[in-house]
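K.L.:
For reference, this is coords07.tsv, and it has TSV, C-alpha atoms.
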```tsv
chain	number	residue	atom	x	y	z
A	39	MET	CA	-68.47	31.01	-34.78
A	40	ASN	CA	-67.24	32.68	-31.61
A	41	SER	CA	-64.05	31.29	-30.11
A	42	PRO	CA	-64.23	30.75	-26.36
A	43	THR	CA	-61.90	32.88	-24.24
A	44	LEU	CA	-59.31	30.84	-22.40
A	45	ILE	CA	-58.85	31.06	-18.68
A	46	GLN	CA	-55.27	31.91	-17.71
A	47	SER	CA	-54.07	31.39	-14.19
A	48	THR	CA	-53.31	34.16	-11.74
A	49	GLY	CA	-51.64	33.66	-8.40
A	50	VAL	CA	-50.62	35.48	-5.28
A	51	PRO	CA	-48.65	38.74	-5.37
A	52	PHE	CA	-45.85	37.66	-3.05
A	53	THR	CA	-43.90	34.56	-2.02
A	54	ARG	CA	-41.31	33.73	0.62
A	55	ILE	CA	-39.15	30.88	1.86
A	56	TYR	CA	-40.83	29.14	4.82
A	57	ALA	CA	-38.06	26.83	6.01
A	58	TYR	CA	-34.86	24.99	5.09
A	59	GLY	CA	-33.72	21.40	5.45
A	60	ALA	CA	-30.23	19.93	5.11
A	61	ALA	CA	-28.53	16.57	4.66
A	62	ARG	CA	-24.77	16.21	4.34
A	63	GLY	CA	-22.76	13.16	3.35
A	64	ASP	CA	-22.22	10.81	6.32
A	65	GLN	CA	-18.40	10.74	5.99
A	66	ILE	CA	-16.12	13.58	7.09
A	67	VAL	CA	-13.17	13.54	4.67
A	68	PRO	CA	-10.05	15.47	5.81
A	69	ASN	CA	-7.52	16.86	3.33
A	70	ASP	CA	-5.00	14.22	4.38
A	71	ASP	CA	-7.22	11.53	2.82
A	72	LEU	CA	-6.96	13.17	-0.62
A	73	ILE	CA	-3.42	14.52	-0.90
A	74	GLY	CA	-1.64	11.34	-2.03
A	75	PRO	CA	-2.81	11.10	-5.67
A	76	ILE	CA	-2.43	14.88	-6.20
A	77	ASP	CA	0.98	15.12	-4.53
A	78	SER	CA	-0.25	17.90	-2.26
A	79	SER	CA	-0.55	18.73	1.43
A	80	ASP	CA	-3.16	19.68	3.98
A	81	GLU	CA	-1.60	23.16	4.14
A	82	TRP	CA	-1.71	23.61	0.32
A	83	ILE	CA	-5.41	22.77	0.18
A	84	ARG	CA	-6.28	24.95	3.19
A	85	GLN	CA	-4.34	27.91	1.83
A	86	ARG	CA	-5.83	27.74	-1.66
A	87	THR	CA	-9.41	26.76	-0.80
A	88	GLY	CA	-10.10	27.25	2.91
A	89	ILE	CA	-11.36	23.66	3.05
A	90	VAL	CA	-10.42	21.64	6.14
A	91	THR	CA	-12.83	18.74	5.66
A	92	ARG	CA	-15.60	17.98	3.21
A	93	THR	CA	-18.61	15.71	3.67
A	94	ARG	CA	-19.06	12.78	1.31
A	95	ALA	CA	-21.73	10.09	1.18
A	96	SER	CA	-20.97	6.40	1.60
A	97	GLU	CA	-21.42	3.94	-1.21
A	98	GLY	CA	-25.07	3.03	-1.48
A	99	ILE	CA	-26.30	6.49	-0.48
A	100	LEU	CA	-27.55	8.38	-3.53
A	101	ALA	CA	-28.03	12.10	-4.11
A	102	LEU	CA	-31.70	11.11	-4.21
A	103	ASP	CA	-31.48	9.88	-0.61
A	104	LEU	CA	-29.82	13.10	0.56
A	105	ALA	CA	-32.48	15.10	-1.31
A	106	THR	CA	-35.23	13.13	0.43
A	107	ASP	CA	-33.76	13.71	3.90
A	108	ALA	CA	-33.29	17.44	3.33
A	109	ALA	CA	-36.81	17.73	1.89
A	110	ARG	CA	-38.40	15.97	4.86
A	111	GLU	CA	-36.74	18.39	7.31
A	112	ALA	CA	-37.72	21.46	5.27
A	113	ILE	CA	-41.34	20.30	5.04
A	114	GLU	CA	-41.52	19.52	8.74
A	115	ARG	CA	-40.05	22.88	9.73
A	116	SER	CA	-42.31	24.74	7.28
A	117	GLY	CA	-45.55	23.48	8.78
A	118	VAL	CA	-46.94	23.00	5.27
A	119	PRO	CA	-48.67	19.59	4.90
A	120	ALA	CA	-46.74	17.56	2.31
A	121	GLU	CA	-49.90	16.90	0.31
A	122	LYS	CA	-50.30	20.64	-0.27
A	123	ILE	CA	-46.96	20.83	-2.12
A	124	ASP	CA	-47.79	20.81	-5.83
A	125	LEU	CA	-44.36	21.64	-7.28
A	126	VAL	CA	-41.02	19.91	-6.67
A	127	ILE	CA	-37.85	21.09	-8.38
A	128	VAL	CA	-34.49	19.41	-7.84
A	129	ALA	CA	-31.36	21.24	-9.00
A	130	THR	CA	-28.57	18.76	-9.66
A	131	ILE	CA	-25.74	17.80	-11.99
A	132	SER	CA	-24.94	14.44	-10.42
A	133	ASN	CA	-28.02	12.24	-10.78
A	134	VAL	CA	-26.62	8.87	-11.79
A	135	GLN	CA	-29.43	8.24	-14.24
A	136	GLN	CA	-30.67	10.69	-16.83
A	137	THR	CA	-34.29	9.72	-16.35
A	138	PRO	CA	-36.56	9.48	-14.39
A	139	SER	CA	-35.95	12.73	-12.56
A	140	MET	CA	-34.98	12.82	-8.92
A	141	ALA	CA	-37.80	15.29	-8.32
A	142	ALA	CA	-40.60	12.88	-9.21
A	143	VAL	CA	-39.23	10.22	-6.85
A	144	VAL	CA	-38.63	12.72	-4.03
A	145	ALA	CA	-42.16	14.07	-4.44
A	146	ASP	CA	-43.53	10.57	-3.98
A	147	ARG	CA	-41.23	9.73	-1.06
A	148	VAL	CA	-42.16	12.83	0.94
A	149	GLY	CA	-45.90	12.55	0.37
A	150	ALA	CA	-46.26	15.22	-2.31
A	151	ASN	CA	-47.37	12.83	-5.08
A	152	PRO	CA	-48.83	13.98	-7.62
A	153	ALA	CA	-46.96	17.34	-7.53
A	154	ALA	CA	-45.48	18.65	-10.77
A	155	ALA	CA	-41.86	17.53	-10.54
A	156	TYR	CA	-38.71	17.99	-12.59
A	157	ASP	CA	-34.94	18.35	-12.32
A	158	THR	CA	-33.05	21.39	-13.48
A	159	ASN	CA	-29.38	21.52	-14.53
A	160	ALA	CA	-27.78	24.87	-13.82
A	161	ALA	CA	-24.80	23.53	-11.88
A	162	CYS	CA	-23.84	25.73	-8.94
A	163	ALA	CA	-26.52	28.28	-9.90
A	164	GLY	CA	-29.18	25.55	-9.90
A	165	TYR	CA	-30.68	26.35	-6.52
A	166	SER	CA	-31.00	30.04	-7.36
A	167	TYR	CA	-32.59	29.13	-10.71
A	168	ALA	CA	-35.03	26.78	-8.95
A	169	VAL	CA	-36.03	29.48	-6.42
A	170	THR	CA	-36.70	31.84	-9.33
A	171	GLN	CA	-38.87	29.21	-11.02
A	172	ALA	CA	-40.81	28.35	-7.86
A	173	ASP	CA	-41.45	32.03	-7.09
A	174	ALA	CA	-42.64	32.69	-10.65
A	175	LEU	CA	-44.86	29.60	-10.84
A	176	ILE	CA	-46.56	30.37	-7.51
A	177	ARG	CA	-47.13	33.99	-8.43
A	178	SER	CA	-48.58	32.89	-11.79
A	179	GLY	CA	-51.00	30.50	-10.09
A	180	ALA	CA	-49.50	27.41	-11.73
A	181	ALA	CA	-48.46	26.12	-8.31
A	182	HIS	CA	-49.27	26.93	-4.68
A	183	TYR	CA	-46.52	25.47	-2.51
A	184	ALA	CA	-43.11	24.47	-3.85
A	185	LEU	CA	-40.33	22.26	-2.60
A	186	VAL	CA	-36.96	23.35	-4.02
A	187	ILE	CA	-33.92	21.15	-3.50
A	188	GLY	CA	-30.25	21.32	-4.48
A	189	ALA	CA	-28.81	17.81	-4.28
A	190	GLU	CA	-25.43	16.42	-5.31
A	191	LYS	CA	-23.28	13.38	-4.88
A	192	LEU	CA	-20.24	14.85	-6.59
A	193	SER	CA	-17.95	12.15	-5.23
A	194	ASP	CA	-19.33	9.93	-8.01
A	195	ILE	CA	-17.85	12.26	-10.65
A	196	VAL	CA	-14.42	13.15	-9.26
A	197	ASP	CA	-10.97	11.93	-10.26
A	198	PRO	CA	-8.68	11.47	-7.23
A	199	ALA	CA	-5.67	12.45	-9.40
A	200	ASP	CA	-7.23	15.70	-10.66
A	201	ARG	CA	-5.65	18.84	-9.21
A	202	SER	CA	-8.16	21.30	-10.71
A	203	ILE	CA	-11.40	20.75	-8.79
A	204	SER	CA	-11.97	17.22	-7.45
A	205	PHE	CA	-10.49	17.80	-3.97
A	206	LEU	CA	-12.88	20.71	-3.41
A	207	LEU	CA	-16.02	18.69	-3.85
A	208	GLY	CA	-18.45	17.24	-1.33
A	209	ASP	CA	-21.87	15.58	-1.19
A	210	GLY	CA	-25.07	16.97	0.29
A	211	ALA	CA	-28.56	18.30	-0.25
A	212	GLY	CA	-30.33	21.44	0.90
A	213	ALA	CA	-34.05	22.07	0.58
A	214	ALA	CA	-36.46	24.97	0.94
A	215	VAL	CA	-40.25	25.18	1.05
A	216	ILE	CA	-41.67	28.22	-0.75
A	217	GLY	CA	-45.22	29.48	-0.61
A	218	PRO	CA	-47.49	32.53	-0.61
A	219	SER	CA	-46.59	35.51	1.57
A	220	GLU	CA	-48.14	38.66	2.99
A	221	PHE	CA	-44.99	40.58	2.06
A	222	PRO	CA	-42.34	40.37	-0.72
A	223	GLY	CA	-39.97	37.58	0.37
A	224	ILE	CA	-38.12	36.76	-2.85
A	225	ALA	CA	-36.80	39.65	-4.90
A	226	ALA	CA	-36.43	39.71	-8.69
A	227	PRO	CA	-33.55	37.56	-9.93
A	228	VAL	CA	-30.49	38.53	-11.88
A	229	TRP	CA	-29.70	35.41	-13.89
A	230	GLY	CA	-28.04	34.47	-17.13
A	231	SER	CA	-25.40	32.45	-18.90
A	232	ASP	CA	-22.23	32.67	-20.99
A	233	GLY	CA	-21.92	29.54	-23.10
A	234	SER	CA	-18.80	30.93	-24.78
A	235	LYS	CA	-17.02	29.81	-21.59
A	236	ALA	CA	-18.61	26.34	-21.54
A	237	HIS	CA	-15.12	24.81	-21.65
A	238	ALA	CA	-14.04	26.51	-18.40
A	239	VAL	CA	-15.72	24.01	-16.08
A	240	GLY	CA	-17.54	20.75	-16.70
A	241	MET	CA	-17.17	17.07	-17.49
A	242	ASN	CA	-13.97	15.94	-19.24
A	243	ALA	CA	-15.69	13.39	-21.51
A	244	THR	CA	-19.14	12.26	-22.64
A	245	LEU	CA	-20.92	9.05	-21.71
A	246	VAL	CA	-20.65	8.00	-25.37
A	247	ASP	CA	-16.85	8.45	-25.23
A	248	TYR	CA	-16.86	6.24	-22.15
A	249	ARG	CA	-19.12	3.59	-23.70
A	250	ASP	CA	-16.90	3.40	-26.77
A	251	GLY	CA	-13.75	3.03	-24.71
A	252	ASP	CA	-12.41	6.42	-25.85
A	253	ALA	CA	-12.36	7.89	-22.35
A	254	GLN	CA	-12.23	6.97	-18.69
A	255	TRP	CA	-15.31	7.47	-16.50
A	256	PRO	CA	-16.17	11.17	-17.03
A	257	THR	CA	-15.24	13.47	-14.16
A	258	LEU	CA	-15.26	17.20	-13.44
A	259	ARG	CA	-12.48	19.59	-14.46
A	260	GLN	CA	-12.05	23.35	-14.36
A	261	GLU	CA	-9.74	26.06	-15.66
A	262	GLY	CA	-9.15	27.52	-12.25
A	263	GLN	CA	-7.84	30.97	-13.15
A	264	THR	CA	-10.55	31.65	-15.75
A	265	VAL	CA	-13.27	30.54	-13.35
A	266	PHE	CA	-11.76	32.51	-10.46
A	267	ARG	CA	-11.66	35.78	-12.45
A	268	TRP	CA	-15.23	35.31	-13.66
A	269	ALA	CA	-16.50	34.15	-10.25
A	270	VAL	CA	-15.16	37.18	-8.40
A	271	TRP	CA	-15.19	40.18	-10.68
A	272	ASP	CA	-18.02	39.38	-13.09
A	273	MET	CA	-20.14	37.94	-10.30
A	274	ALA	CA	-19.54	40.96	-8.06
A	275	LYS	CA	-21.32	43.00	-10.76
A	276	VAL	CA	-24.19	40.48	-10.81
A	277	ALA	CA	-24.45	40.63	-7.02
A	278	LYS	CA	-24.59	44.44	-7.08
A	279	ARG	CA	-27.34	44.32	-9.72
A	280	ALA	CA	-29.29	41.84	-7.58
A	281	LEU	CA	-29.24	44.41	-4.76
A	282	GLU	CA	-30.39	47.14	-7.16
A	283	VAL	CA	-33.31	45.16	-8.60
A	284	ALA	CA	-34.37	44.26	-5.05
A	285	GLY	CA	-34.36	47.94	-4.13
A	286	VAL	CA	-31.89	47.51	-1.28
A	287	THR	CA	-28.24	48.24	-0.52
A	288	ALA	CA	-25.47	46.19	1.07
A	289	ASP	CA	-26.20	48.04	4.33
A	290	ASP	CA	-29.68	46.47	4.42
A	291	LEU	CA	-28.34	42.90	4.32
A	292	ALA	CA	-28.20	40.57	7.29
A	293	ALA	CA	-26.33	37.84	5.41
A	294	PHE	CA	-24.35	37.16	2.24
A	295	ILE	CA	-24.65	33.57	1.00
A	296	PRO	CA	-22.54	32.98	-2.09
A	297	HIS	CA	-22.12	29.57	-3.69
A	298	GLN	CA	-19.50	27.79	-1.58
A	299	ALA	CA	-16.93	27.37	-4.37
A	300	ASN	CA	-13.71	28.30	-2.62
A	301	MET	CA	-12.99	30.40	0.49
A	302	ARG	CA	-10.63	32.62	-1.50
A	303	ILE	CA	-13.47	33.44	-3.91
A	304	ILE	CA	-15.81	34.18	-0.98
A	305	ASP	CA	-13.22	36.46	0.69
A	306	GLU	CA	-12.39	38.38	-2.50
A	307	PHE	CA	-16.09	38.60	-3.38
A	308	ALA	CA	-16.91	40.14	0.02
A	309	LYS	CA	-14.08	42.65	-0.49
A	310	GLN	CA	-15.41	43.66	-3.92
A	311	LEU	CA	-18.94	44.15	-2.55
A	312	LYS	CA	-17.66	46.30	0.35
A	313	LEU	CA	-20.05	44.56	2.74
A	314	PRO	CA	-20.48	46.23	6.14
A	315	GLU	CA	-19.04	44.34	9.12
A	316	SER	CA	-22.57	43.57	10.31
A	317	VAL	CA	-23.29	41.28	7.34
A	318	VAL	CA	-22.77	37.62	8.25
A	319	ILE	CA	-20.97	35.76	5.47
A	320	ALA	CA	-21.69	32.05	4.91
A	321	ARG	CA	-18.50	29.98	5.09
A	322	ASP	CA	-19.90	26.46	5.18
A	323	ILE	CA	-17.27	25.37	2.65
A	324	GLU	CA	-14.68	24.97	5.43
A	325	THR	CA	-16.27	21.72	6.65
A	326	THR	CA	-18.70	20.75	3.86
A	327	GLY	CA	-16.65	21.44	0.73
A	328	ASN	CA	-18.14	22.60	-2.56
A	329	THR	CA	-21.49	20.85	-3.10
A	330	SER	CA	-22.54	22.66	-6.30
A	331	ALA	CA	-26.35	23.13	-6.37
A	332	ALA	CA	-26.66	22.14	-2.70
A	333	SER	CA	-24.18	24.66	-1.35
A	334	ILE	CA	-26.42	27.72	-0.92
A	335	PRO	CA	-29.32	26.01	0.89
A	336	LEU	CA	-26.86	24.00	3.02
A	337	ALA	CA	-24.97	27.16	3.96
A	338	THR	CA	-28.23	29.00	4.68
A	339	HIS	CA	-29.50	26.18	6.88
A	340	ARG	CA	-26.29	26.30	8.89
A	341	LEU	CA	-26.32	30.10	9.19
A	342	LEU	CA	-29.84	30.04	10.58
A	343	ASP	CA	-28.92	27.32	13.09
A	344	GLU	CA	-25.82	29.21	14.24
A	345	HIS	CA	-27.36	32.71	14.05
A	346	PRO	CA	-31.08	32.44	14.78
A	347	GLU	CA	-31.15	36.24	15.07
A	348	LEU	CA	-30.83	36.43	11.26
A	349	SER	CA	-34.43	35.23	10.93
A	350	GLY	CA	-36.50	37.89	9.16
A	351	GLY	CA	-33.38	39.57	7.78
A	352	LEU	CA	-32.35	39.93	4.15
A	353	ALA	CA	-29.87	37.58	2.52
A	354	LEU	CA	-28.18	38.03	-0.84
A	355	GLN	CA	-27.65	34.61	-2.43
A	356	ILE	CA	-25.68	34.07	-5.60
A	357	GLY	CA	-24.85	30.88	-7.46
A	358	PHE	CA	-22.42	30.58	-10.38
A	359	GLY	CA	-20.85	27.68	-12.21
A	360	ALA	CA	-20.67	25.36	-15.18
A	361	GLY	CA	-22.37	26.68	-18.30
A	362	LEU	CA	-21.25	29.21	-17.42
A	363	VAL	CA	-24.43	30.20	-15.60
A	364	PHE	CA	-25.26	32.53	-12.76
A	365	GLY	CA	-28.29	33.39	-10.62
A	366	ALA	CA	-28.71	35.81	-7.74
A	367	GLN	CA	-31.54	37.21	-5.67
A	368	VAL	CA	-32.23	38.80	-2.31
A	369	VAL	CA	-34.52	36.76	-0.06
A	370	VAL	CA	-36.06	37.21	3.37
A	371	LEU	CA	-34.69	34.55	5.72
A	372	PRO	CA	-37.37	32.46	7.47
B	36	MET	CA	-0.10	59.54	-20.88
B	37	ALA	CA	1.59	56.15	-20.97
B	38	LEU	CA	3.62	55.24	-17.91
B	39	SER	CA	7.33	54.38	-18.08
B	40	LYS	CA	8.68	50.93	-17.30
B	41	ASP	CA	9.87	52.11	-13.88
B	42	GLU	CA	6.49	53.59	-13.06
B	43	VAL	CA	4.69	50.38	-14.08
B	44	LEU	CA	7.12	48.32	-11.97
B	45	ALA	CA	6.49	50.56	-8.95
B	46	GLY	CA	2.73	50.33	-9.42
B	47	LEU	CA	2.82	46.56	-9.91
B	48	ALA	CA	4.98	46.13	-6.81
B	49	GLU	CA	2.30	47.94	-4.80
B	50	LEU	CA	-0.37	45.57	-6.12
B	51	VAL	CA	1.78	42.55	-5.25
B	52	ASN	CA	2.31	43.99	-1.79
B	53	ASP	CA	-1.44	44.60	-1.30
B	54	GLU	CA	-2.27	41.00	-2.22
B	55	THR	CA	0.58	39.09	-0.60
B	56	GLY	CA	2.39	41.37	1.84
B	57	ILE	CA	5.66	40.90	-0.10
B	58	ALA	CA	7.89	43.99	0.35
B	59	VAL	CA	7.79	46.27	-2.71
B	60	GLU	CA	11.59	46.35	-3.06
B	61	THR	CA	11.58	42.54	-3.44
B	62	VAL	CA	9.42	42.80	-6.56
B	63	GLU	CA	12.19	43.06	-9.18
B	64	LEU	CA	12.06	42.54	-12.94
B	65	ASP	CA	13.93	39.22	-12.98
B	66	LYS	CA	11.84	37.62	-10.21
B	67	SER	CA	9.54	34.72	-11.09
B	68	PHE	CA	6.03	35.13	-9.66
B	69	THR	CA	5.79	31.45	-8.71
B	70	ASP	CA	9.36	30.33	-8.03
B	71	ASP	CA	10.84	33.44	-6.39
B	72	LEU	CA	7.85	35.28	-4.96
B	73	ASP	CA	5.78	32.14	-4.17
B	74	ILE	CA	2.59	33.70	-5.57
B	75	ASP	CA	-0.16	31.11	-6.19
B	76	SER	CA	-2.55	31.11	-9.16
B	77	ILE	CA	-5.40	32.73	-7.25
B	78	SER	CA	-3.26	35.60	-5.96
B	79	MET	CA	-1.80	35.98	-9.46
B	80	MET	CA	-5.26	36.42	-10.92
B	81	THR	CA	-6.15	38.97	-8.24
B	82	ILE	CA	-3.01	40.95	-9.10
B	83	VAL	CA	-3.82	40.70	-12.82
B	84	VAL	CA	-7.34	42.05	-12.41
B	85	ASN	CA	-6.14	44.86	-10.13
B	86	ALA	CA	-3.41	45.68	-12.68
B	87	GLU	CA	-6.01	45.90	-15.45
B	88	GLU	CA	-7.87	48.49	-13.43
B	89	LYS	CA	-4.81	50.42	-12.27
B	90	PHE	CA	-3.13	50.62	-15.69
B	91	ASP	CA	-6.31	50.62	-17.81
B	92	VAL	CA	-5.20	47.63	-19.90
B	93	LYS	CA	-6.71	44.22	-20.77
B	94	ILE	CA	-4.75	41.11	-19.78
B	95	PRO	CA	-6.58	38.09	-21.30
B	96	ASP	CA	-6.68	34.78	-19.38
B	97	GLU	CA	-4.59	33.05	-22.07
B	98	GLU	CA	-1.89	35.72	-21.66
B	99	VAL	CA	-1.57	35.28	-17.89
B	100	LYS	CA	0.33	31.98	-18.18
B	101	ASN	CA	2.99	33.77	-20.29
B	102	LEU	CA	3.68	36.30	-17.53
B	103	LYS	CA	6.29	34.22	-15.71
B	104	THR	CA	8.44	37.03	-14.34
B	105	VAL	CA	7.72	40.51	-13.01
B	106	GLY	CA	9.54	41.79	-16.12
B	107	ASP	CA	7.14	39.86	-18.41
B	108	ALA	CA	4.20	41.55	-16.73
B	109	VAL	CA	5.80	45.01	-16.81
B	110	ASP	CA	6.62	44.64	-20.53
B	111	PHE	CA	3.12	43.43	-21.33
B	112	ILE	CA	1.52	46.36	-19.48
B	113	VAL	CA	3.87	48.95	-21.02
B	114	ASN	CA	3.09	47.64	-24.53
B	115	ALA	CA	-0.64	47.28	-23.87
B	116	GLN	CA	-0.89	50.92	-22.79
B	117	GLY	CA	-0.43	51.77	-26.47
```
As C-alpha cells - that is how I would like this structure written.
P.N.:
Amino acid sequence: MNSPTLIQSTGVPFTRIYAYGAARGDQIVPNDDLIGPIDSSDEWIRQRTGIVTRTRASEGILALDLATDAAREAIERSGVPAEKIDLVIVATISNVQQTPSMAAVVADRVGANPAAAYDTNAACAGYSYAVTQADALIRSGAAHYALVIGAEKLSDIVDPADRSISFLLGDGAGAAVIGPSEFPGIAAPVWGSDGSKAHAVGMNATLVDYRDGDAQWPTLRQEGQTVFRWAVWDMAKVAKRALEVAGVTADDLAAFIPHQANMRIIDEFAKQLKLPESVVIARDIETTGNTSAASIPLATHRLLDEHPELSGGLALQIGFGAGLVFGAQVVVLP
Amino acid sequence: MALSKDEVLAGLAELVNDETGIAVETVELDKSFTDDLDIDSISMMTIVVNAEEKFDVKIPDEEVKNLKTVGDAVDFIVNAQG
C-alpha cells in the first residue's frame, strides 16, 4: 500500500511590522507616592533608575483591557482588516488567571475570532520572542497576519516595601501587527536562556505557598547587581550578534530600543555598543517605568510618534529578564 | 607579569574616577566604597566589570559584597592575578 504524501505549508519569504499600538496605565505615579514604605527619596530613585513617574492602571482595569486597547490601535493603524488576523500572541507575566489565555479573549474582542491565540511567558524578552514566533509562523505559511502584544499589570505583583524592583514597575500594553512584506523587515533573532540564574529575578513565592498560608501574596524580587551585570555586559554581546546576523552595523541603525529596565542599564548598554550619535535611543522608562513585556512596543510607539522621520529606518530591539531569557532582532520601523 | 599593590590601586582609582568623577587621590585603601566614596551598587558593578577587563581577573557576583573597602578590592585583585 502506498502512503499518501503529506502537504506541508509554505509561506511568504519576508515579513515586516505594519504598525504599533499603545495603552498605558491611566494613573501617573510619581516617586514621592512610593518612597514612604522603602524609606527612600525622589532623588534616590531618579539617580539609580532614571524614573520620574511610572504609569499604573486603576483597580478594575486588567492587563487584558490594556492589551485590547493597544491591539485596536495597532490594527487600525495597520490597515489590515481584523478578520484577516489569524494569529494572536500575548507576551505577559502578569495575567491574573492562568487560563484561559489573554490572547484568545483579545482575539475575540478585536474581531479576530477564530485566530490561533496563545500567551507566551518570556518576561521582559516576551515581546521579542513573540515577534520571532509571528515572523516564523507567517513565513512557514501557518499564519498570514499576526497581532503581537506585550501586556502587563505589574502593579498587581509588587510589594510596596520591596527595595529591589517594585518601585521600578509600571502597567501598560504595546501591540504590533505583522504581515507579509516585499522586503526583509524582521531580521533573524538572537535568543536564548540561562536557567542557572533563575533565582536572580522572579516571584518570591508560589501560589501554593500562598494558599497554604506559608507566604504572603507573591511579588517580584531581583538581585540587582547580578541582573545589572548580566543585562549590560552579557546583553551587549547579544545585541552585537543581533547586528551581525542581520547583516548590518551600528552605523546602519536609526534607533536602539532596549527593554526599559533601568535608565542606568540603557546608558551603560549604549556605551558598550558604541552607538553613533545619530542613533535615537528609546528612553520611555522615564515616564512609563519598567513594564516588562510591554516596554519595547510601548517605547517604539512613542519613538515613532516623537520622531516620525525614523519610519523606514532600522531599529535594534532587545529584551532580557526573568528566566533568565533574552531575545534581540533588528526590525524595519513602519 | 602580576601588578603590585600600588599599581592595582592606581589602576582601580582611574576606574573609580571614570565612573564617578571622584578624584584619584581620594581613592585610598582604607576608604569604604559606600560610606566614604558614596558609590552606589550600580556604579560598583560597573567598576567591578571594568576591573575584570583591566586586570584580567574574575570577580564573581557573590564576592562583590565582600569588597567593602578599596583595600579589599585591591587585595582581591592582587591575589586573583595569580
K.L.:
What does the distance from atom CA of Gln263 of chain A to atom CA of Ile94 of chain B come to in Å, to one decimal?
P.N.:
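Answer for the atom CA of Gln263 of chain A to atom CA of Ile94 of chain B separation: 12.5 Å.
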K.L.:
Identify which of the residues A:Gly262, A:Pro42, A:Pro75, A:Pro68 lies closest to chain B, counting only C-alpha atoms when measuring atom-to-atom distances.
P.N.:
A:Gly262
K.L.:
Produce a table with one row for each residue of chain B that has an atom at most 12 Å from any atom of chain A, each row naming the nearest atom pair and its distance in Å at one decimal; use only C-alpha atoms; arrange rows by chain and rising residue number; format as a Markdown table.
P.N.:
```
| residue | atom | partner | partner_atom | distance |
| --- | --- | --- | --- | --- |
| B:Glu54 | CA | A:Glu306 | CA | 10.5 |
| B:Ile74 | CA | A:Arg86 | CA | 11.0 |
| B:Asp75 | CA | A:Arg86 | CA | 8.0 |
| B:Ser76 | CA | A:Gln263 | CA | 6.6 |
| B:Ile77 | CA | A:Gln263 | CA | 6.6 |
| B:Ser78 | CA | A:Arg302 | CA | 9.1 |
| B:Met79 | CA | A:Gln263 | CA | 8.7 |
| B:Met80 | CA | A:Gln263 | CA | 6.4 |
| B:Thr81 | CA | A:Arg267 | CA | 7.6 |
| B:Ile82 | CA | A:Arg267 | CA | 10.6 |
| B:Val83 | CA | A:Arg267 | CA | 9.3 |
| B:Val84 | CA | A:Arg267 | CA | 7.6 |
| B:Asn85 | CA | A:Trp271 | CA | 10.2 |
| B:Glu87 | CA | A:Trp271 | CA | 11.8 |
| B:Glu88 | CA | A:Trp271 | CA | 11.4 |
| B:Ile94 | CA | A:Arg267 | CA | 11.4 |
| B:Pro95 | CA | A:Thr264 | CA | 9.4 |
| B:Asp96 | CA | A:Thr264 | CA | 6.2 |
| B:Glu97 | CA | A:Thr264 | CA | 8.8 |
| B:Glu98 | CA | A:Thr264 | CA | 11.2 |
| B:Val99 | CA | A:Gln263 | CA | 9.0 |
| B:Lys100 | CA | A:Gln263 | CA | 9.6 |
```
K.L.:
Residues within 9 Å of Ile112 of chain B, please, as number ranges by chain. Count all atoms listed in the file; anything in the same chain fewer than 3 positions from it doesn't count.
P.N.:
B: 40, 43, 86-87, 90, 92-94, 107-109, 115-116
K.L.:
Which residue, A:Cys162, A:Ala299, A:Val50, A:Ala284, has the smallest gap to Ser178 of chain A when you use all atoms listed in the file?
P.N.:
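With all atoms listed in the file as the atom set, the closest residue is A:Val50.
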K.L.:
Can you tell me which residues surround Leu185 of chain A at a distance of at most 7 Å, considering only C-alpha atoms, apart from same-chain residues fewer than 5 positions away, and format the answer as a PDB file with C-alpha atoms, in the coordinates of the input?
P.N.:
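Below you can see result_29.pdb, which holds the result:
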```pdb
ATOM      1  CA  ILE A 123     -46.960  20.830  -2.120  1.00  0.00           C
ATOM      2  CA  LEU A 125     -44.360  21.640  -7.280  1.00  0.00           C
ATOM      3  CA  VAL A 126     -41.020  19.910  -6.670  1.00  0.00           C
ATOM      4  CA  ILE A 127     -37.850  21.090  -8.380  1.00  0.00           C
ATOM      5  CA  ALA A 214     -36.460  24.970   0.940  1.00  0.00           C
ATOM      6  CA  VAL A 215     -40.250  25.180   1.050  1.00  0.00           C
ATOM      7  CA  ILE A 216     -41.670  28.220  -0.750  1.00  0.00           C
TER       8      ILE A 216
END
```
K.L.:
Leaving out Val105 of chain B and any residue of its chain fewer than 5 positions from it, which residues lie within 8 Å of it when counting all atoms listed in the file, given as number ranges by chain?
P.N.:
B: 44, 62-68
K.L.:
Could you write out the selected residues, including C-alpha atoms, as a CSV table (one decimal), in the coordinates of the input?
P.N.:
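Wrote part23.csv, looks like this:
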```csv
chain,number,residue,atom,x,y,z
B,44,LEU,CA,7.1,48.3,-12.0
B,62,VAL,CA,9.4,42.8,-6.6
B,63,GLU,CA,12.2,43.1,-9.2
B,64,LEU,CA,12.1,42.5,-12.9
B,65,ASP,CA,13.9,39.2,-13.0
B,66,LYS,CA,11.8,37.6,-10.2
B,67,SER,CA,9.5,34.7,-11.1
B,68,PHE,CA,6.0,35.1,-9.7
```
K.L.:
Rank A:Val144, A:Ile203, A:Ala154, A:Ile195 by their smallest atom-to-atom distance to Ala180 of chain A, using all atoms listed in the file, and report the top residue only.
P.N.:
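Of the candidates, the smallest distance to Ala180 of chain A is held by A:Ala154.
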K.L.:
From the list A:Lys278, A:Arg201, A:Arg54, A:Arg110, which residue is nearest Ser78 of chain A when using only C-alpha atoms?
P.N.:
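Closest residue, counting only C-alpha atoms: A:Arg201.
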K.L.:
Using only C-alpha atoms, which protein or nucleic acid residues come within 12 Å of segment 254-259 of chain A? Drop anything in the same chain fewer than 6 positions from it, and give the result as a VMD selection string.
P.N.:
chain A and resid 131 to 132 134 161 192 to 207 236 to 248 265 330 359 to 360
K.L.:
From the options A:Leu100, A:Ile224, A:Leu342, A:Ile76, which residue's atoms come nearest to Gly63 of chain A, counting only C-alpha atoms?
P.N.:
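For Gly63 of chain A, the nearest of the given residues is A:Leu100.
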K.L.:
Rank A:Gly233, A:Pro372, A:Gly179, A:Gly212 by their smallest atom-to-atom distance to Gly164 of chain A, using only C-alpha atoms, and report the top residue only.
P.N.:
A:Gly212
K.L.:
Find the spatial neighbours of Gly223 of chain A, counting all atoms listed in the file, within a cut-off of 7 Å - ignore same-chain residues fewer than 6 positions away - and output them as a short mmCIF file (atom, residue, chain, number, x, y, z; two decimals) with C-alpha atoms, in the coordinates of the input.
P.N.:
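Result file result.cif:
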```cif
data_model
loop_
_atom_site.label_atom_id
_atom_site.label_comp_id
_atom_site.auth_asym_id
_atom_site.auth_seq_id
_atom_site.Cartn_x
_atom_site.Cartn_y
_atom_site.Cartn_z
CA PHE A 52 -45.85 37.66 -3.05
CA THR A 53 -43.90 34.56 -2.02
CA ARG A 54 -41.31 33.73 0.62
CA ILE A 55 -39.15 30.88 1.86
CA VAL A 369 -34.52 36.76 -0.06
CA VAL A 370 -36.06 37.21 3.37
#
```
